[in-house]
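Engineer: Below is the structure I would like to discuss, written out as structure tokens.
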Amino acid sequence: MSAGTLEIERLAQQSTVHSRPPLRAGYTSISAGTMDKLVAAIAADAFNVPLKEVRAGVHDESGQVSVSLAVPLALFPAAELNGRSELNVGADLKGGTVFERAASGRQRVAQGIEALAGSTVGWVDVRFTGIHEPDPRNAGRVQ
């Protein structure tokens with residue numbers, strides 16, 4: 001037995017104590033396409049836009065993940081902002097400047113990748129490609 005096998009057996013014994021299924025030796029990989037889709041889904045959630053409007057590219061940058069995102073900028077109806085303009089709302093809410101929204105989204109994407117894929121993120125590049133109106137019934141209407 002190798003040291004790795006002994007470690008797996010030790011972890012398997014510990015996992016039965018905590019009523020988890022025993023660990024199995026093996027190899028898990030994430031394909032490039034799956035990683036792109038995962039990052040796109042994380043970005044769609046972070047920027048509050050539909051997944052179909054997000055494009056993501058993931059690259060290896062000296063052992064760290066580098067991400068390029070193309071997402072629309074989400075605009076919200078004034079009713080959702082409780083009477084405040086989008087410029088006066090903090091970046092973690094549904095407003096703030098374009099740069100604050102990009103910084104907040106960038107941080108959420110990096111944290112999501114690290115949490116779900118276990119990969120260290122080197123950088124996240126965000127490019128806003130248009131405007132997304134969450135409620136298409138109000139798009140183009142005079143209020």
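Chain identifiers are assigned as A, B, and so on, following the order in which chains appear in the structure tokens; residues are numbered from 1 within each chain, and ligands are numbered from 1 in order of appearance.
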Please identify all polymer residues within 8 Å of Thr120 of chain A, counting only C-alpha atoms, omitting same-chain residues fewer than 5 positions from it, and present them as a ChimeraX atom specification.
Structural biologist: /A:63-65,113-114
Engineer: Report as a ChimeraX atom specification all protein, DNA and RNA residues lying within 7 Å of Phe47 of chain A, evaluated on only C-alpha atoms, omitting residues in the same chain fewer than 3 positions from it.
Structural biologist: /A:43-44,105
Engineer: Mind pulling up the distance from atom CA of Ala74 of chain A to atom CA of Ile131 of chain A?
Structural biologist: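 The value is 5.9 Å.
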Engineer: Find the spatial neighbours of His132 of chain A, counting only C-alpha atoms, within a cut-off of 9 Å - ignore same-chain residues fewer than 6 positions away - and output them as a list in words.
Structural biologist: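 Contacts, with the query itself left out: Val49, Pro50, Glu53, Pro72, Leu73, Ala74, Leu75 and Phe76 of chain A.
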Engineer: So what do you get for atom CA of Val121 of chain A versus atom CA of Gln107 of chain A, distance-wise?
Structural biologist: 10.1 Å
Engineer: Rounded to one decimal place, report the atom CA of Glu100 of chain A-atom CA of Asp125 of chain A distance in Å.
Structural biologist: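 Separating atom CA of Glu100 of chain A from atom CA of Asp125 of chain A is a distance of 13.8 Å.
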